[in-house]
$ cat data.cif   # mmCIF, C-alpha atoms
data_final
#
loop_
_atom_site.label_atom_id
_atom_site.label_comp_id
_atom_site.auth_asym_id
_atom_site.auth_seq_id
_atom_site.Cartn_x
_atom_site.Cartn_y
_atom_site.Cartn_z
CA MET A 1 -30.17 -11.22 -43.01
CA LYS A 2 -28.37 -11.92 -46.27
CA LYS A 3 -25.43 -14.26 -45.80
CA VAL A 4 -21.87 -13.58 -46.92
CA THR A 5 -18.98 -15.91 -47.68
CA VAL A 6 -15.99 -15.96 -45.37
CA ARG A 7 -12.72 -17.77 -45.82
CA ILE A 8 -10.85 -18.23 -42.58
CA THR A 9 -7.79 -20.35 -41.82
CA VAL A 10 -8.12 -22.02 -38.43
CA ASN A 11 -5.27 -24.03 -36.96
CA GLY A 12 -3.72 -24.33 -40.37
CA SER A 13 -6.82 -25.52 -42.24
CA ASP A 14 -8.83 -23.34 -44.63
CA TYR A 15 -12.58 -23.07 -44.14
CA GLU A 16 -15.12 -21.42 -46.43
CA ARG A 17 -18.59 -20.83 -45.05
CA GLU A 18 -21.76 -18.79 -45.60
CA VAL A 19 -22.50 -16.74 -42.49
CA GLU A 20 -24.69 -13.88 -41.36
CA PRO A 21 -22.57 -10.71 -41.11
CA ARG A 22 -23.54 -10.37 -37.45
CA LEU A 23 -22.09 -13.77 -36.49
CA LEU A 24 -19.38 -13.39 -33.84
CA LEU A 25 -16.10 -15.18 -34.43
CA VAL A 26 -16.56 -17.19 -31.22
CA SER A 27 -19.87 -18.54 -32.52
CA PHE A 28 -18.29 -19.32 -35.88
CA LEU A 29 -15.56 -21.34 -34.18
CA ARG A 30 -17.84 -23.16 -31.74
CA ASP A 31 -21.02 -23.69 -33.77
CA GLU A 32 -19.84 -23.70 -37.40
CA LEU A 33 -16.55 -25.50 -36.91
CA GLY A 34 -17.30 -27.46 -33.76
CA LEU A 35 -14.17 -26.13 -32.02
CA THR A 36 -15.61 -25.81 -28.55
CA GLY A 37 -12.32 -25.30 -26.73
CA THR A 38 -12.94 -21.56 -27.08
CA HIS A 39 -15.35 -20.64 -24.29
CA ILE A 40 -17.98 -17.96 -23.76
CA GLY A 41 -17.68 -16.76 -20.17
CA CYS A 42 -19.55 -13.46 -20.10
CA ASP A 43 -21.74 -11.19 -22.22
CA THR A 44 -19.65 -8.09 -21.72
CA SER A 45 -16.27 -8.71 -23.40
CA HIS A 46 -14.51 -8.71 -20.04
CA CYS A 47 -13.51 -12.25 -19.13
CA GLY A 48 -11.23 -13.32 -21.99
CA ALA A 49 -12.33 -16.98 -21.93
CA CYS A 50 -12.98 -16.61 -25.65
CA THR A 51 -9.40 -15.55 -26.42
CA VAL A 52 -7.91 -16.87 -29.67
CA LEU A 53 -4.94 -15.75 -31.77
CA LEU A 54 -5.60 -13.64 -34.86
CA ASP A 55 -2.45 -13.59 -36.99
CA GLY A 56 -0.57 -14.38 -33.77
CA ARG A 57 -2.14 -11.64 -31.62
CA ASN A 58 -4.43 -12.54 -28.74
CA ILE A 59 -7.93 -11.16 -29.18
CA LYS A 60 -11.37 -11.78 -27.74
CA SER A 61 -13.30 -13.76 -30.32
CA CYS A 62 -16.59 -12.61 -28.78
CA THR A 63 -15.70 -9.04 -29.75
CA LEU A 64 -14.95 -9.66 -33.41
CA LEU A 65 -17.35 -10.50 -36.20
CA ALA A 66 -16.51 -13.58 -38.26
CA VAL A 67 -16.50 -11.37 -41.37
CA GLN A 68 -13.70 -9.30 -39.84
CA ALA A 69 -11.56 -12.48 -39.77
CA ASP A 70 -12.06 -13.10 -43.49
CA GLU A 71 -8.74 -14.07 -45.15
CA ARG A 72 -7.01 -14.12 -41.76
CA GLU A 73 -5.42 -16.86 -39.64
CA ILE A 74 -6.88 -18.01 -36.35
CA THR A 75 -5.27 -20.24 -33.75
CA THR A 76 -7.49 -21.82 -31.13
CA ILE A 77 -6.48 -23.99 -28.19
CA GLU A 78 -7.05 -27.04 -30.35
CA GLY A 79 -4.21 -25.85 -32.56
CA LEU A 80 -1.47 -25.86 -29.92
CA ALA A 81 -0.66 -29.51 -29.37
CA THR A 82 0.80 -31.42 -32.29
CA ALA A 83 -1.27 -33.85 -34.34
CA GLN A 84 0.54 -36.62 -32.50
CA GLY A 85 -0.65 -35.23 -29.17
CA LYS A 86 2.57 -33.63 -27.93
CA LEU A 87 1.60 -30.71 -25.72
CA HIS A 88 2.83 -27.18 -26.24
CA SER A 89 5.41 -26.19 -23.61
CA LEU A 90 2.87 -23.84 -22.02
CA GLN A 91 0.29 -26.62 -21.78
CA GLU A 92 2.92 -28.81 -20.08
CA ALA A 93 3.82 -26.00 -17.70
CA PHE A 94 0.17 -25.31 -16.81
CA TRP A 95 -0.19 -29.00 -16.02
CA ASN A 96 3.02 -29.20 -13.97
CA HIS A 97 2.29 -26.05 -11.98
CA HIS A 98 -1.39 -26.82 -11.38
CA ALA A 99 -2.30 -23.60 -13.16
CA LEU A 100 -5.87 -24.70 -13.71
CA GLN A 101 -8.73 -26.03 -11.56
CA CYS A 102 -12.05 -25.95 -13.41
CA GLY A 103 -10.24 -25.20 -16.66
CA PHE A 104 -12.84 -22.80 -18.05
CA CYS A 105 -10.48 -19.85 -18.42
CA THR A 106 -7.57 -22.03 -19.40
CA PRO A 107 -7.75 -22.12 -23.21
CA GLY A 108 -7.90 -18.33 -23.35
CA MET A 109 -5.26 -17.98 -20.66
CA VAL A 110 -2.83 -20.30 -22.45
CA LEU A 111 -3.28 -18.51 -25.77
CA SER A 112 -2.67 -15.13 -24.14
CA ALA A 113 0.51 -16.60 -22.66
CA VAL A 114 1.54 -17.86 -26.11
CA ALA A 115 1.07 -14.38 -27.55
CA LEU A 116 2.87 -12.75 -24.61
CA LEU A 117 5.96 -14.94 -24.86
CA ALA A 118 6.03 -14.68 -28.65
CA GLN A 119 6.08 -10.91 -28.27
CA ASN A 120 8.48 -10.83 -25.32
CA PRO A 121 10.17 -14.15 -24.48
CA THR A 122 11.98 -12.71 -21.46
CA SER A 123 8.86 -11.45 -19.70
CA ASP A 124 9.33 -11.02 -15.96
CA GLU A 125 6.55 -11.40 -13.41
CA GLU A 126 5.29 -7.84 -13.88
CA LYS A 127 5.10 -8.21 -17.65
CA ILE A 128 3.42 -11.60 -17.30
CA ARG A 129 0.71 -10.21 -15.03
CA HIS A 130 0.22 -7.28 -17.42
CA GLY A 131 0.08 -9.74 -20.32
CA ILE A 132 -2.71 -11.87 -18.82
CA ALA A 133 -4.72 -8.92 -17.50
CA GLY A 134 -7.42 -9.64 -20.08
CA ASN A 135 -8.04 -13.18 -18.83
CA LEU A 136 -10.07 -13.57 -15.66
CA CYS A 137 -9.75 -16.70 -13.51
CA ARG A 138 -12.11 -17.36 -10.65
CA CYS A 139 -10.40 -20.47 -9.30
CA THR A 140 -6.66 -20.16 -9.00
CA GLY A 141 -5.78 -16.69 -7.76
CA TYR A 142 -3.38 -16.50 -10.73
CA GLN A 143 -0.14 -17.34 -8.85
CA PHE A 144 0.34 -20.79 -10.37
CA ILE A 145 -0.58 -19.40 -13.79
CA VAL A 146 2.20 -16.83 -13.43
CA ASP A 147 4.58 -19.58 -12.23
CA ALA A 148 3.79 -21.70 -15.28
CA ILE A 149 4.44 -18.85 -17.69
CA GLN A 150 7.64 -17.88 -15.86
CA ASP A 151 8.78 -21.48 -16.12
CA VAL A 152 8.44 -21.43 -19.90
CA ALA A 153 10.09 -17.99 -20.13
CA ARG A 154 13.01 -19.47 -18.20
CA GLN A 155 13.11 -22.46 -20.56
CA ILE A 156 13.25 -20.12 -23.54
CA LYS A 157 16.07 -18.17 -21.90
CA ASP A 158 18.02 -21.32 -21.06
CA ALA A 159 17.57 -22.68 -24.56
CA GLY A 160 18.98 -19.44 -25.94
CA THR A 161 22.15 -19.43 -23.82
CA MET B 162 -21.83 5.73 -48.25
CA LEU B 163 -21.68 7.96 -45.21
CA ALA B 164 -22.76 10.95 -47.28
CA GLU B 165 -25.95 9.16 -48.26
CA ASP B 166 -26.84 7.34 -45.13
CA GLY B 167 -24.75 8.81 -42.31
CA GLU B 168 -27.38 8.64 -39.64
CA GLU B 169 -28.21 4.96 -40.03
CA ILE B 170 -24.71 3.60 -40.38
CA LYS B 171 -22.25 2.87 -37.63
CA ILE B 172 -18.57 2.74 -38.46
CA LEU B 173 -16.74 -0.40 -37.40
CA ALA B 174 -13.02 0.04 -36.84
CA GLY B 175 -11.59 -2.09 -34.01
CA GLY B 176 -15.06 -2.78 -32.68
CA GLN B 177 -13.93 -2.94 -29.05
CA SER B 178 -16.54 -0.38 -28.02
CA LEU B 179 -19.11 -0.93 -30.77
CA ILE B 180 -19.45 -4.71 -30.67
CA PRO B 181 -20.11 -4.83 -26.92
CA LEU B 182 -22.80 -2.16 -27.49
CA LEU B 183 -24.34 -4.26 -30.26
CA LYS B 184 -24.30 -7.37 -28.08
CA LEU B 185 -26.17 -5.55 -25.33
CA ARG B 186 -28.60 -4.10 -27.89
CA LEU B 187 -27.66 -0.59 -26.78
CA ALA B 188 -26.99 0.24 -30.43
CA SER B 189 -28.97 -1.17 -33.36
CA PRO B 190 -27.71 0.49 -36.53
CA ARG B 191 -29.25 -0.52 -39.82
CA ARG B 192 -25.82 -1.07 -41.33
CA LEU B 193 -22.21 -1.41 -40.24
CA LEU B 194 -19.41 0.04 -42.32
CA ASP B 195 -16.26 -1.97 -41.71
CA ILE B 196 -13.33 0.37 -42.35
CA GLY B 197 -10.77 -1.97 -40.80
CA ARG B 198 -9.05 -2.75 -44.08
CA LEU B 199 -8.89 0.77 -45.55
CA PRO B 200 -5.30 1.18 -46.69
CA GLY B 201 -3.01 3.88 -45.44
CA LEU B 202 -4.76 4.64 -42.16
CA ALA B 203 -2.91 2.34 -39.79
CA ALA B 204 0.63 3.69 -39.87
CA ILE B 205 2.72 5.84 -37.51
CA ARG B 206 4.63 8.25 -39.75
CA PRO B 207 7.40 10.45 -38.37
CA GLU B 208 7.46 13.72 -40.26
CA GLU B 209 9.88 16.63 -39.96
CA ARG B 210 8.16 18.48 -37.12
CA SER B 211 5.45 16.03 -36.12
CA LEU B 212 4.37 12.46 -35.69
CA CYS B 213 1.39 11.45 -37.79
CA ILE B 214 -0.62 8.58 -36.32
CA GLY B 215 -3.17 6.97 -38.62
CA ALA B 216 -6.63 6.66 -37.10
CA LEU B 217 -6.70 2.89 -37.59
CA THR B 218 -3.47 2.36 -35.66
CA ARG B 219 -4.12 -0.24 -32.97
CA HIS B 220 -3.38 0.75 -29.37
CA ALA B 221 -0.92 -2.19 -29.18
CA ASP B 222 1.13 -0.79 -32.05
CA ILE B 223 1.43 2.56 -30.33
CA GLU B 224 2.41 0.72 -27.13
CA ARG B 225 5.31 -0.88 -28.98
CA PHE B 226 6.38 2.22 -30.88
CA ALA B 227 9.73 3.74 -29.92
CA ALA B 228 8.51 7.23 -29.13
CA PRO B 229 10.97 10.15 -29.24
CA GLN B 230 11.87 12.03 -26.06
CA GLY B 231 8.97 14.11 -24.87
CA LEU B 232 6.36 11.72 -26.29
CA GLU B 233 6.82 8.86 -23.81
CA ILE B 234 3.19 9.43 -22.89
CA LEU B 235 2.04 7.81 -26.14
CA CYS B 236 3.45 4.38 -25.25
CA GLU B 237 2.57 4.76 -21.60
CA ALA B 238 -1.07 5.66 -22.23
CA ALA B 239 -1.43 2.97 -24.90
CA SER B 240 -0.16 0.31 -22.47
CA LEU B 241 -2.79 1.27 -19.90
CA ILE B 242 -5.83 1.03 -22.14
CA ALA B 243 -8.15 -1.87 -21.19
CA ASP B 244 -6.26 -5.16 -21.64
CA PRO B 245 -3.93 -6.79 -24.21
CA GLN B 246 -6.73 -8.31 -26.29
CA VAL B 247 -8.58 -5.00 -26.56
CA ARG B 248 -5.33 -3.22 -27.40
CA ASN B 249 -4.66 -5.64 -30.26
CA LEU B 250 -7.90 -4.70 -32.02
CA GLY B 251 -8.96 -1.31 -30.72
CA THR B 252 -7.85 1.74 -32.69
CA VAL B 253 -6.82 5.22 -31.56
CA GLY B 254 -9.26 6.81 -34.02
CA GLY B 255 -12.12 4.62 -32.89
CA ALA B 256 -11.42 5.40 -29.24
CA LEU B 257 -11.34 9.15 -29.93
CA ALA B 258 -14.55 9.03 -31.96
CA GLU B 259 -16.21 7.04 -29.15
CA ALA B 260 -15.33 9.87 -26.74
CA ASP B 261 -15.92 7.91 -23.57
CA PRO B 262 -15.78 10.33 -20.60
CA ALA B 263 -13.09 8.08 -19.09
CA GLY B 264 -11.29 7.38 -22.36
CA ASP B 265 -7.51 7.60 -22.28
CA TRP B 266 -6.52 9.12 -25.61
CA GLY B 267 -8.60 12.27 -25.21
CA ALA B 268 -6.67 13.33 -22.12
CA VAL B 269 -3.36 12.63 -23.89
CA LEU B 270 -4.29 14.77 -26.88
CA LEU B 271 -5.28 17.68 -24.64
CA ALA B 272 -1.89 17.61 -22.93
CA LEU B 273 0.14 17.53 -26.16
CA GLU B 274 0.10 19.81 -29.17
CA THR B 275 -2.12 17.88 -31.53
CA ALA B 276 -4.64 18.13 -34.34
CA LEU B 277 -7.28 15.67 -35.51
CA LEU B 278 -7.66 15.28 -39.26
CA CYS B 279 -10.93 14.05 -40.66
CA ARG B 280 -12.34 13.49 -44.11
CA SER B 281 -15.70 13.27 -45.84
CA ALA B 282 -16.91 13.10 -49.43
CA HIS B 283 -16.75 16.92 -49.44
CA GLY B 284 -13.16 17.31 -48.32
CA GLU B 285 -10.83 17.35 -45.32
CA ARG B 286 -10.65 19.44 -42.22
CA GLU B 287 -8.61 19.80 -39.07
CA ILE B 288 -10.13 19.86 -35.59
CA ALA B 289 -8.28 20.95 -32.43
CA PRO B 290 -8.73 18.54 -29.49
CA GLN B 291 -10.24 21.34 -27.40
CA ASP B 292 -13.03 21.63 -29.98
CA PHE B 293 -13.44 17.90 -30.54
CA PHE B 294 -15.05 16.55 -27.38
CA LEU B 295 -18.50 18.07 -27.05
CA ASP B 296 -20.29 15.80 -24.60
CA ALA B 297 -20.28 12.23 -23.34
CA TYR B 298 -19.87 9.99 -26.42
CA THR B 299 -20.32 13.05 -28.63
CA THR B 300 -17.68 14.63 -30.83
CA ALA B 301 -17.51 17.38 -33.42
CA LEU B 302 -17.41 14.76 -36.19
CA ARG B 303 -20.30 15.05 -38.62
CA PRO B 304 -22.15 11.83 -39.57
CA GLU B 305 -20.51 11.78 -43.00
CA GLU B 306 -16.96 12.24 -41.65
CA ILE B 307 -14.32 9.83 -40.44
CA LEU B 308 -11.14 10.53 -38.50
CA THR B 309 -8.09 9.81 -40.62
CA ASP B 310 -5.04 11.02 -38.68
CA ILE B 311 -3.84 12.35 -35.37
CA VAL B 312 -0.97 14.78 -35.85
CA VAL B 313 1.30 15.22 -32.83
CA ALA B 314 3.84 18.05 -32.84
CA LEU B 315 7.32 16.91 -31.91
CA PRO B 316 8.11 18.61 -28.58
CA PRO B 317 11.23 20.80 -28.19
CA ALA B 318 14.34 19.66 -26.34
CA GLY B 319 13.96 19.30 -22.60
CA SER B 320 10.43 17.90 -22.83
CA GLY B 321 8.88 15.03 -20.96
CA SER B 322 5.41 13.56 -20.70
CA ALA B 323 3.58 10.99 -18.62
CA TYR B 324 0.21 9.33 -18.20
CA VAL B 325 -0.99 8.01 -14.85
CA LYS B 326 -4.26 6.13 -14.56
CA PHE B 327 -6.05 5.08 -11.39
CA GLU B 328 -8.41 2.19 -11.98
CA ARG B 329 -10.56 -0.02 -9.79
CA LYS B 330 -9.55 -3.29 -11.38
CA ALA B 331 -7.47 -4.65 -14.22
CA GLY B 332 -8.62 -3.53 -17.62
CA ASP B 333 -11.09 -0.96 -16.34
CA PHE B 334 -11.71 2.61 -17.42
CA ALA B 335 -10.08 5.22 -15.21
CA ILE B 336 -11.57 6.47 -11.96
CA ALA B 337 -9.45 9.44 -12.89
CA SER B 338 -6.36 9.78 -15.03
CA ALA B 339 -3.94 12.57 -15.84
CA ALA B 340 -1.85 13.29 -18.90
CA VAL B 341 0.96 15.80 -18.45
CA ALA B 342 3.38 17.17 -21.03
CA VAL B 343 6.01 19.62 -19.86
CA GLN B 344 9.09 21.40 -21.12
CA ALA B 345 11.80 22.23 -18.59
CA GLY B 346 13.89 25.33 -19.12
CA GLU B 347 16.85 26.83 -17.27
CA LYS B 348 16.84 26.93 -13.48
CA HIS B 349 13.92 24.50 -13.31
CA ARG B 350 11.58 26.86 -15.11
CA ILE B 351 8.41 25.31 -16.52
CA GLU B 352 8.56 26.60 -20.09
CA LYS B 353 5.53 24.76 -21.42
CA ILE B 354 2.82 22.74 -19.71
CA GLY B 355 -0.19 20.78 -20.93
CA ILE B 356 -2.56 18.87 -18.66
CA GLY B 357 -5.38 16.59 -19.81
CA LEU B 358 -7.70 14.75 -17.43
CA SER B 359 -10.07 11.85 -17.95
CA GLY B 360 -12.90 10.48 -15.84
CA VAL B 361 -13.55 13.89 -14.33
CA GLY B 362 -16.69 14.96 -16.15
CA LEU B 363 -18.82 14.36 -19.21
CA THR B 364 -15.80 14.84 -21.43
CA VAL B 365 -12.04 14.84 -21.04
CA VAL B 366 -10.87 18.16 -19.62
CA LYS B 367 -7.90 20.42 -20.29
CA ALA B 368 -6.87 21.73 -16.85
CA MET B 369 -6.19 25.30 -17.98
CA ASN B 370 -6.23 26.88 -14.51
CA ALA B 371 -3.64 24.41 -13.24
CA GLU B 372 -1.61 25.07 -16.41
CA SER B 373 -1.66 28.83 -15.72
CA VAL B 374 -0.40 28.30 -12.18
CA LEU B 375 2.58 26.36 -13.48
CA SER B 376 3.44 28.03 -16.76
CA GLY B 377 6.61 30.14 -16.70
CA GLN B 378 7.25 29.45 -13.01
CA GLU B 379 10.16 27.76 -11.29
CA PHE B 380 9.18 24.25 -10.21
CA SER B 381 8.74 23.60 -6.49
CA PRO B 382 6.62 21.13 -4.51
CA ASP B 383 4.58 24.07 -3.18
CA LEU B 384 3.85 25.26 -6.71
CA LEU B 385 2.73 21.79 -7.67
CA ALA B 386 0.38 21.65 -4.68
CA LYS B 387 -1.03 25.03 -5.68
CA ALA B 388 -1.61 23.75 -9.21
CA ALA B 389 -3.33 20.64 -7.84
CA ASP B 390 -5.71 22.84 -5.84
CA ALA B 391 -6.50 24.89 -8.94
CA LEU B 392 -7.12 21.63 -10.82
CA MET B 393 -9.60 20.40 -8.22
CA GLY B 394 -11.54 23.62 -8.67
CA GLU B 395 -11.94 23.22 -12.42
CA ILE B 396 -13.42 19.73 -12.56
CA GLN B 397 -16.83 18.34 -11.64
CA PRO B 398 -16.68 14.57 -11.77
CA LEU B 399 -19.94 12.67 -11.76
CA SER B 400 -20.72 10.32 -8.89
CA ASP B 401 -21.12 6.80 -10.22
CA LEU B 402 -20.09 3.23 -9.54
CA ARG B 403 -16.43 4.22 -9.75
CA GLY B 404 -16.73 6.70 -6.90
CA SER B 405 -18.33 9.85 -5.58
CA SER B 406 -17.63 13.24 -7.07
CA GLU B 407 -15.59 14.22 -3.98
CA TYR B 408 -13.54 11.04 -4.12
CA LYS B 409 -12.78 11.39 -7.81
CA THR B 410 -11.76 15.03 -7.33
CA GLU B 411 -9.23 13.98 -4.68
CA VAL B 412 -7.99 11.14 -6.87
CA ALA B 413 -7.55 13.52 -9.81
CA SER B 414 -5.43 15.83 -7.66
CA VAL B 415 -3.14 13.03 -6.50
CA ILE B 416 -2.89 11.42 -9.92
CA PHE B 417 -2.11 14.76 -11.56
CA GLN B 418 0.78 15.35 -9.16
CA ARG B 419 2.17 11.88 -9.85
CA ALA B 420 1.91 12.44 -13.59
CA PHE B 421 3.57 15.84 -13.34
CA ARG B 422 6.49 14.46 -11.32
CA SER B 423 6.96 11.65 -13.81
CA ALA B 424 6.84 14.01 -16.80
CA TRP B 425 9.17 16.50 -15.06
CA GLN B 426 11.63 13.75 -14.25
CA ARG B 427 11.68 12.75 -17.92
CA ALA B 428 11.99 16.36 -19.06
CA CYS B 429 14.95 17.01 -16.78
CA SER B 430 16.36 13.49 -17.17
CA LEU B 431 16.49 13.20 -13.42
CA ASP B 432 16.75 10.11 -11.26
CA LYS B 433 13.63 9.49 -9.24
CA GLU B 434 15.42 10.27 -5.95
CA GLU B 435 16.34 13.78 -7.04
CA LEU B 436 12.74 14.94 -7.27
#
$ encode --input "data.cif" --output "structure tokens"
Amino acid sequence: MKKVTVRITVNGSDYEREVEPRLLLVSFLRDELGLTGTHIGCDTSHCGACTVLLDGRNIKSCTLLAVQADEREITTIEGLATAQGKLHSLQEAFWNHHALQCGFCTPGMVLSAVALLAQNPTSDEEKIRHGIAGNLCRCTGYQFIVDAIQDVARQIKDAGT
Amino acid sequence: MLAEDGEEIKILAGGQSLIPLLKLRLASPRRLLDIGRLPGLAAIRPEERSLCIGALTRHADIERFAAPQGLEILCEAASLIADPQVRNLGTVGGALAEADPAGDWGAVLLALETALLCRSAHGEREIAPQDFFLDAYTTALRPEEILTDIVVALPPAGSGSAYVKFERKAGDFAIASAAVAVQAGEKHRIEKIGIGLSGVGLTVVKAMNAESVLSGQEFSPDLLAKAADALMGEIQPLSDLRGSSEYKTEVASVIFQRAFRSAWQRACSLDKEEL
């Protein structure tokens, strides 16, 4: 298959690579760029473990071709903490609320939460559950995940008042 | 390109149906035509008597759109499609062209007054939703055509609409879903009624018998029950992993009644308790 050139910004850095058109974005991130925080959890585009942000919107990177992300901006889990290692408020909250056990769903879950709160900072429990409906977790039963996200929503609200 | 090679090319819009098919090797087209960046097809344009929704509009953008009274169903249905990630990439045009028997937009279009605009190298044409869905995953689109717009007539005053979807698990297709658009007249008269159902057969279905029971009549719970019975008689859901035919028929009846009550409440601007 003839390769094409893609230029994709990932976590603020620009990358130019030759790829097969059929290469999925998740494989581009993991295999081309070595960013293995984005996980492959299924073959059927259901689980959401591969979730990244495309221009700020949460999407499943296993259901997008790398060529479709040409000239676009991607944020992966590696892009959330600062270069100095300060965690994003959602990462802190997940830690404090024990919102992860095995951690496999967590990168995707956190990024969906980032997108959700960016879209609607005052999300209540119902909106939070609706907002993470595309991220399956087999360990936690979701309650502590919801608690963590609610905690950050509350922080945003308190910071605003 | 489509005019030359229409049979061997698959169109890639949002890819939320196509890419999973490719991954499972259920589709192996020779070429993919990525139309995701075609300009002018991803906007929602209010016009004088209608709302024009570009075929490349993502479900998430319709979810967030401030729909006028009578078209609440657009945001409601959009919010119930799959999950947030799929809604951020999937397009209304792609979903309609995919024509999944349990797809959400088809039922919505059958309930409202709508037209599908499509274009090819030879020109443009308009297709009514009743003529669009031919079979499972099969539409009236020719291989060289693409959908460009969905035109939705602005409903008259006193209109309301609703979409209710019953699903097995988060992000699933519907076991059965109902789209209802209604106009309430004086003395609780049902001036106009449109009912679209999904998950109840090989294609989405316009429940015309149920519509006839309701149209022009004064609303009452008994009338609604009569319409629900008529509805059950005009669908033949397929038994599959989402339920038996009998089960889905019952679900469709219940879901239709919920959707009607919700649409009626919006049309009459009633509080829930008054229904």
$ closest_atom_pairs --input "data.cif" --of "chain A" --to "chain B" --cutoff "7 Å" --atoms "all atoms listed in the file" --output "Markdown table"
| residue | atom | partner | partner_atom | distance |
| --- | --- | --- | --- | --- |
| A:Thr44 | CA | B:Pro181 | CA | 6.2 |
| A:Ser45 | CA | B:Pro181 | CA | 6.5 |
| A:Arg57 | CA | B:Asn249 | CA | 6.6 |
| A:Asn58 | CA | B:Gln246 | CA | 5.4 |
| A:Ile59 | CA | B:Gln246 | CA | 4.2 |
| A:Lys60 | CA | B:Gln246 | CA | 6.0 |
| A:Thr63 | CA | B:Ile180 | CA | 5.8 |
| A:Leu64 | CA | B:Gly176 | CA | 6.9 |
| A:Gly131 | CA | B:Pro245 | CA | 6.3 |
| A:Ala133 | CA | B:Asp244 | CA | 5.8 |
| A:Gly134 | CA | B:Asp244 | CA | 4.9 |
$ residues_near_point --input "data.cif" --point "(-19.8, -7.8, -38.0)" --cutoff "6 Å" --atoms "only C-alpha atoms" --output "compact mmCIF listing (two decimals) with C-alpha atoms, keeping the file's coordinate frame"
# COMPACT_ATOMS: atom_id res chain seq x y z
CA PRO A 21 -22.57 -10.71 -41.11
CA ARG A 22 -23.54 -10.37 -37.45
CA LEU A 65 -17.35 -10.50 -36.20
CA VAL A 67 -16.50 -11.37 -41.37
$ atom_distance --input "data.cif" --atom1 "atom CA of Leu402 of chain B" --atom2 "atom CA of Tyr298 of chain B"
18.2 Å
$ closest_residue --input "data.cif" --among "A:Leu111, A:Val10, A:Val146, A:Ala118" --to "His130 of chain A" --atoms "all atoms listed in the file"
A:Val146
$ resolve_selection --input "data.cif" --expression "the PyMOL selection byres ((chain B and resi 339) around 10)" --output "PyMOL selection string"
chain B and resi 238+265+268-269+272+323-327+335+337-338+340-341+356-361+365-368+412-421
$ axis_aligned_box --input "data.cif" --around "segment 291-305 of chain B" --padding-each-side "8 Å" --output "AutoDock Vina command-line options"
--center_x -16.2 --center_y 15.8 --center_z -33.2 --size_x 27.9 --size_y 27.6 --size_z 35.7
$ resolve_selection --input "data.cif" --expression "the PyMOL selection byres ((chain B and resi 262) around 7)" --output "count of residues only"
11
$ residues_near_point --input "data.cif" --point "(8.4, -21.8, -18.1)" --cutoff "12 Å" --atoms "only C-alpha atoms" --output "PyMOL selection string"
chain A and resi 88-97+99+113-114+117+121-125+128+144-159
$ resolve_selection --input "data.cif" --expression "the PyMOL selection byres ((chain A and resi 138) around 12)" --output "ChimeraX atom specification"
/A:41,47,49,99-106,135-137,139-142
$ write_last_selection --input "data.cif" --atoms "C-alpha atoms" --output "PDB file, in the coordinates of the input"
ATOM      1  CA  GLY A  41     -17.680 -16.760 -20.170  1.00  0.00           C
ATOM      2  CA  CYS A  47     -13.510 -12.250 -19.130  1.00  0.00           C
ATOM      3  CA  ALA A  49     -12.330 -16.980 -21.930  1.00  0.00           C
ATOM      4  CA  ALA A  99      -2.300 -23.600 -13.160  1.00  0.00           C
ATOM      5  CA  LEU A 100      -5.870 -24.700 -13.710  1.00  0.00           C
ATOM      6  CA  GLN A 101      -8.730 -26.030 -11.560  1.00  0.00           C
ATOM      7  CA  CYS A 102     -12.050 -25.950 -13.410  1.00  0.00           C
ATOM      8  CA  GLY A 103     -10.240 -25.200 -16.660  1.00  0.00           C
ATOM      9  CA  PHE A 104     -12.840 -22.800 -18.050  1.00  0.00           C
ATOM     10  CA  CYS A 105     -10.480 -19.850 -18.420  1.00  0.00           C
ATOM     11  CA  THR A 106      -7.570 -22.030 -19.400  1.00  0.00           C
ATOM     12  CA  ASN A 135      -8.040 -13.180 -18.830  1.00  0.00           C
ATOM     13  CA  LEU A 136     -10.070 -13.570 -15.660  1.00  0.00           C
ATOM     14  CA  CYS A 137      -9.750 -16.700 -13.510  1.00  0.00           C
ATOM     15  CA  CYS A 139     -10.400 -20.470  -9.300  1.00  0.00           C
ATOM     16  CA  THR A 140      -6.660 -20.160  -9.000  1.00  0.00           C
ATOM     17  CA  GLY A 141      -5.780 -16.690  -7.760  1.00  0.00           C
ATOM     18  CA  TYR A 142      -3.380 -16.500 -10.730  1.00  0.00           C
TER      19      TYR A 142
END
